[in-house]
file run-v1.txt (compact mmCIF, C-alpha atoms)
# COMPACT_ATOMS: atom_id res chain seq x y z
CA MET B 148 87.29 108.48 113.68
CA ASN B 149 84.57 109.81 116.00
CA TYR B 150 84.39 108.59 119.59
CA GLN B 151 82.00 108.85 122.49
CA ILE B 152 84.03 109.41 125.65
CA THR B 153 82.66 108.61 129.10
CA ILE B 154 84.45 109.42 132.35
CA ASN B 155 83.27 106.75 134.76
CA ARG B 156 85.42 107.66 137.74
CA ALA B 157 88.28 109.96 138.70
CA ASN B 158 90.20 109.53 141.94
CA THR B 159 92.98 111.47 143.61
CA VAL B 160 95.58 109.31 145.38
CA ASP B 161 98.85 109.93 147.17
CA GLU B 162 100.34 106.55 146.30
CA ILE B 163 100.30 103.92 143.58
CA GLU B 164 100.35 100.92 145.88
CA GLU B 165 101.50 98.35 143.35
CA TYR B 166 104.56 100.36 142.27
CA TRP B 167 107.00 99.24 144.96
CA THR B 168 107.57 95.47 144.96
CA ASN B 169 108.87 93.20 147.71
CA GLU B 170 112.09 92.93 145.70
CA ASP B 171 112.41 96.73 145.84
CA TYR B 172 111.84 96.70 149.60
CA ILE B 173 114.50 94.04 150.14
CA LYS B 174 117.08 95.84 148.00
CA LEU B 175 116.34 99.17 149.69
CA LEU B 176 116.54 97.61 153.15
CA GLU B 177 120.02 96.39 152.26
CA LYS B 178 120.99 99.90 151.17
CA PHE B 179 119.67 101.22 154.48
CA ASP B 180 121.90 98.75 156.37
CA TYR B 181 119.14 96.40 157.48
CA PRO B 182 120.61 92.89 157.83
CA ASP B 183 118.96 89.74 156.46
CA ALA B 184 116.19 91.63 154.71
CA ALA B 185 115.58 88.67 152.39
CA ASP B 186 114.64 86.50 155.37
CA ALA B 187 111.98 88.89 156.69
CA ASP B 188 108.27 88.15 156.34
CA ALA B 189 107.01 89.71 153.13
CA SER B 190 104.11 91.39 154.92
CA THR B 191 106.51 93.31 157.16
CA LEU B 192 108.97 94.55 154.52
CA ARG B 193 107.37 97.97 154.01
CA GLU B 194 107.16 98.67 157.73
CA LEU B 195 110.74 97.51 158.23
CA LEU B 196 111.89 99.81 155.43
CA PHE B 197 110.14 102.79 157.02
CA MET B 198 111.89 102.02 160.31
CA ALA B 199 115.25 101.71 158.58
CA ILE B 200 114.73 104.91 156.59
CA SER B 201 113.85 106.88 159.73
CA ASP B 202 117.34 106.23 161.13
CA PHE B 203 118.76 108.44 158.38
CA GLU B 204 118.56 112.16 157.78
CA PRO B 205 115.77 112.91 155.30
CA LYS B 206 118.06 114.26 152.57
CA ASP B 207 120.41 111.29 152.95
CA ALA B 208 117.50 108.86 152.74
CA ALA B 209 116.27 110.64 149.63
CA ALA B 210 119.70 110.36 148.01
CA ILE B 211 119.84 106.60 148.68
CA ILE B 212 116.44 105.95 147.07
CA LEU B 213 117.18 108.27 144.16
CA GLU B 214 120.46 106.49 143.53
CA TYR B 215 118.64 103.16 143.59
CA LYS B 216 116.00 104.26 141.09
CA LEU B 217 117.74 106.84 138.92
CA SER B 218 121.49 106.19 138.88
CA ASP B 219 121.21 105.42 135.15
CA HIS B 220 119.67 108.84 134.48
CA LEU B 221 121.26 111.21 137.00
CA ASN B 222 124.81 111.81 138.15
CA GLU B 223 125.85 112.10 141.79
CA GLY B 224 125.65 115.88 141.81
CA GLN B 225 122.14 115.87 140.38
CA ILE B 226 121.01 113.29 142.91
CA GLN B 227 122.39 115.36 145.79
CA GLN B 228 120.70 118.49 144.47
CA ILE B 229 117.34 116.79 144.05
CA SER B 230 117.55 115.16 147.49
CA ASN B 231 117.90 118.64 148.99
CA ASP B 232 115.23 120.22 146.81
CA MET B 233 112.71 117.46 147.61
CA LEU B 234 112.42 118.70 151.18
CA LEU B 235 111.23 122.11 149.99
CA ASP B 236 109.39 121.61 146.71
CA LYS B 237 107.43 119.04 144.73
CA VAL B 238 110.35 118.14 142.48
CA CYS B 239 108.21 115.42 140.92
CA GLU B 240 106.10 118.19 139.40
CA GLU B 241 108.78 120.77 138.68
CA TYR B 242 111.74 118.79 137.34
CA PRO B 243 112.40 119.83 133.71
CA GLU B 244 112.67 116.24 132.42
CA ILE B 245 109.04 115.13 132.57
CA GLY B 246 110.09 111.59 131.76
CA LEU B 247 111.37 111.35 135.35
CA HIS B 248 108.24 112.75 137.00
CA SER B 249 106.64 109.38 137.72
CA ILE B 250 109.72 107.89 139.41
CA LEU B 251 110.26 111.10 141.36
CA PHE B 252 106.61 110.94 142.47
CA HIS B 253 106.93 107.38 143.76
CA THR B 254 110.18 108.25 145.53
CA ASN B 255 108.71 111.41 147.05
CA GLN B 256 105.65 109.61 148.38
CA LEU B 257 107.67 106.77 149.89
CA LEU B 258 109.71 109.38 151.75
CA PHE B 259 106.59 111.40 152.64
CA LYS B 260 105.08 108.38 154.39
CA ALA B 261 108.33 107.18 155.96
CA PHE B 262 109.03 110.60 157.51
CA ASN B 263 105.41 111.40 158.42
CA GLY B 264 105.04 114.45 156.23
CA THR B 265 108.54 115.92 156.30
CA PHE B 266 108.48 115.87 152.50
CA PRO B 267 105.76 117.69 150.50
CA ASN B 268 102.73 115.57 149.67
CA ALA B 269 102.21 115.05 145.93
CA LYS B 270 99.13 113.53 144.35
CA ALA B 271 98.26 111.40 141.33
CA THR B 272 95.02 111.15 139.38
CA ILE B 273 93.50 107.85 138.27
CA ILE B 274 90.78 108.06 135.64
CA GLU B 275 88.55 105.19 134.59
CA CYS B 276 87.04 106.02 131.21
CA SER B 277 85.74 104.54 127.99
CA PHE B 278 86.35 105.45 124.36
CA THR B 279 83.67 104.02 122.10
CA PRO B 280 83.75 104.55 118.32
CA THR B 281 80.44 105.99 117.17
CA GLU B 282 80.64 103.84 114.03
CA GLY B 283 82.26 100.45 113.73
CA GLU B 284 84.53 98.82 116.27
CA SER B 285 87.71 99.89 118.02
CA GLU B 286 90.70 99.46 115.74
CA GLY B 287 93.05 98.54 118.56
CA GLU B 288 94.50 99.86 121.78
CA LEU B 289 94.68 103.64 121.93
CA THR B 290 98.07 105.26 122.44
CA LYS B 291 98.71 107.75 125.22
CA GLU B 292 98.78 110.47 122.58
CA SER B 293 95.37 109.45 121.23
CA ILE B 294 93.87 109.29 124.72
CA LEU B 295 94.96 112.82 125.57
CA LYS B 296 93.67 114.19 122.29
CA LEU B 297 90.31 112.50 122.84
CA LEU B 298 90.05 113.84 126.39
CA ASN B 299 90.53 117.40 125.16
CA ASN B 300 86.84 118.31 124.85
CA GLY B 301 86.12 117.19 128.41
CA LEU B 302 88.85 119.24 130.08
CA SER B 303 88.74 122.77 131.43
CA GLY B 304 90.53 125.46 129.46
CA SER B 305 92.69 126.07 132.53
CA ASN B 306 94.09 122.52 132.45
CA LEU B 307 97.89 122.63 132.30
CA ILE B 308 98.16 120.16 129.41
CA LYS B 309 95.80 122.24 127.27
CA ARG B 310 97.64 125.46 128.17
CA LEU B 311 101.13 124.12 127.43
CA PHE B 312 100.26 121.87 124.50
CA ASP B 313 97.26 123.54 122.90
CA LEU B 314 98.34 122.76 119.33
CA GLN B 315 99.11 119.12 120.08
CA MET B 316 95.83 118.62 121.95
CA SER B 317 93.53 120.33 119.47
CA GLU B 318 95.20 119.90 116.09
CA ASN B 319 96.48 117.04 113.97
CA ALA B 320 100.03 117.42 115.31
CA PRO B 321 102.48 114.95 116.85
CA PHE B 322 102.42 114.87 120.65
CA PRO B 323 105.45 112.85 121.88
CA GLU B 324 105.25 114.42 125.35
CA ALA B 325 102.08 112.39 125.95
CA GLU B 326 104.24 109.34 126.66
CA ASP B 327 105.60 111.02 129.78
CA ILE B 328 102.51 113.01 130.78
CA LEU B 329 100.42 109.84 131.15
CA TRP B 330 102.27 107.44 133.43
CA TYR B 331 100.27 104.25 133.01
CA VAL B 332 97.47 103.20 130.67
CA THR B 333 95.77 99.81 130.92
CA THR B 334 92.85 98.22 129.10
CA THR B 335 91.45 94.72 128.65
CA ASP B 336 89.10 95.41 125.75
CA ASN B 337 90.45 98.52 123.94
CA VAL B 338 87.35 100.44 125.03
CA ASN B 339 87.55 100.76 128.81
CA TYR B 340 90.76 102.31 130.10
CA LYS B 341 92.46 103.09 133.39
CA VAL B 342 94.70 106.12 133.05
CA THR B 343 97.17 107.31 135.69
CA THR B 344 98.96 110.65 135.69
CA SER B 345 100.08 113.39 138.04
CA GLU B 346 97.50 115.68 139.60
CA TYR B 347 99.85 118.42 138.43
CA TRP B 348 98.98 117.57 134.83
CA LEU B 349 95.35 116.56 135.23
CA SER B 350 93.24 116.93 138.37
CA LYS B 351 89.68 115.81 139.07
CA GLU B 352 88.66 119.47 138.91
CA ASP B 353 90.00 119.72 135.35
CA ILE B 354 87.32 117.29 134.16
CA ILE B 355 84.28 119.37 133.24
CA ALA B 356 82.21 116.75 131.41
CA SER B 357 81.47 113.08 132.00
CA ASP B 358 80.11 112.35 128.52
CA PHE B 359 81.35 114.07 125.39
CA GLU B 360 82.46 113.44 121.83
CA GLY B 361 85.92 113.52 120.31
CA VAL B 362 87.49 113.10 116.90
CA LEU B 363 90.72 111.22 116.40
CA GLU B 364 92.65 111.90 113.23
CA ILE B 365 95.75 110.18 111.97
CA VAL B 366 98.72 112.26 113.13
CA LEU B 367 101.06 113.20 110.33
CA ASP B 368 104.72 113.31 111.25
CA ALA B 369 106.36 116.63 110.52
CA GLU B 370 108.81 116.44 107.66
call {"tool": "encode", "arguments": {"input": "run-v1.txt", "output": "structure tokens"}}
result
Amino acid sequence: MNYQITINRANTVDEIEEYWTNEDYIKLLEKFDYPDAADADASTLRELLFMAISDFEPKDAAAIILEYKLSDHLNEGQIQQISNDMLLDKVCEEYPEIGLHSILFHTNQLLFKAFNGTFPNAKATIIECSFTPTEGESEGELTKESILKLLNNGLSGSNLIKRLFDLQMSENAPFPEAEDILWYVTTTDNVNYKVTTSEYWLSKEDIIASDFEGVLEIVLDAE
């Protein structure tokens, strides 16, 4: 199917504000030894957490948050290693398991703000775009894989996704990595989409066209 793709807006952000919930703040405050966190005013929870975090050494604070978010995925040794590495590098961009990049990003940025820049500052990209079939109507919500394939013609050749996954982006080939490369995709009408990913994967500068065409073919699973 042929589509007309329009990039309406692309923003670079250092935080996805809605990611951390009040429940997260309360549970983390308890882990950082703050008493009666559940009784605190909801509007103060984030500030209280930053104060509680600042009483700990940065690497120890990182380990506590990593354990809270990723204890089901990482063992204690891995958590300790990442908590040390986070002070030096953007682990949320470099960690080999890209399925963990989004959680590592949110953790990194919480620590970045709590410690006033002690941790490296990572960025995310939010793209508001539309995918309009040139004939007929949309057949349903696009998958992350389909969105990336359709964006291909509007991205610079130097874009990391195109360089690492050229076959998957430009050919009729399965692209399972798309599920982890794009963090969040939302739509209310199956035409207009809000797409969130890491600046590492897709930056504003990677977008070289605001209106372009794309062809979406049915991906055939490899036998």
call {"tool": "atom_distance", "arguments": {"input": "run-v1.txt", "atom1": "CA of Phe359 in chain B", "atom2": "CA of Ser277 in chain B"}}
result
10.8 Å
call {"tool": "residues_around", "arguments": {"input": "run-v1.txt", "residues": "Leu311 in chain B", "least_positions_apart": "6", "cutoff": "12 Å", "atoms": "only C-alpha atoms", "output": "list in words"}}
result
Gly304, Ser305, Ser317, Phe322, Glu324, Ala325, Ile328 and Trp348 of chain B
call {"tool": "write_last_selection", "arguments": {"input": "run-v1.txt", "atoms": "C-alpha atoms", "output": "PDB file, in the frame of the given file"}}
result
ATOM      1  CA  GLY B 304      90.530 125.460 129.460  1.00  0.00           C
ATOM      2  CA  SER B 305      92.690 126.070 132.530  1.00  0.00           C
ATOM      3  CA  SER B 317      93.530 120.330 119.470  1.00  0.00           C
ATOM      4  CA  PHE B 322     102.420 114.870 120.650  1.00  0.00           C
ATOM      5  CA  GLU B 324     105.250 114.420 125.350  1.00  0.00           C
ATOM      6  CA  ALA B 325     102.080 112.390 125.950  1.00  0.00           C
ATOM      7  CA  ILE B 328     102.510 113.010 130.780  1.00  0.00           C
ATOM      8  CA  TRP B 348      98.980 117.570 134.830  1.00  0.00           C
TER       9      TRP B 348
END
call {"tool": "atom_distance", "arguments": {"input": "run-v1.txt", "atom1": "CA of Cys239 in chain B", "atom2": "CA of Phe252 in chain B"}}
result
5.0 Å
call {"tool": "atom_distance", "arguments": {"input": "run-v1.txt", "atom1": "CA of Leu257 in chain B", "atom2": "CA of Glu241 in chain B"}}
result
18.0 Å
call {"tool": "closest_residue", "arguments": {"input": "run-v1.txt", "among": "B:Thr343, B:Gln225, B:Ser230, B:Asn149", "to": "Leu297 in chain B", "atoms": "only C-alpha atoms"}}
result
B:Asn149
call {"tool": "closest_atom_pairs", "arguments": {"input": "run-v1.txt", "of": "range 244-336 of chain B", "to": "range 197-203 of chain B", "cutoff": "12 Å", "atoms": "all atoms listed in the file", "output": "Markdown table"}}
result
| residue | atom | partner | partner_atom | distance |
| --- | --- | --- | --- | --- |
| B:Gln256 | CA | B:Phe197 | CA | 11.9 |
| B:Leu257 | CA | B:Phe197 | CA | 8.5 |
| B:Leu258 | CA | B:Ile200 | CA | 8.3 |
| B:Phe259 | CA | B:Phe197 | CA | 10.3 |
| B:Lys260 | CA | B:Phe197 | CA | 8.0 |
| B:Ala261 | CA | B:Phe197 | CA | 4.9 |
| B:Phe262 | CA | B:Ser201 | CA | 6.5 |
| B:Asn263 | CA | B:Ser201 | CA | 9.7 |
| B:Thr265 | CA | B:Ser201 | CA | 11.0 |
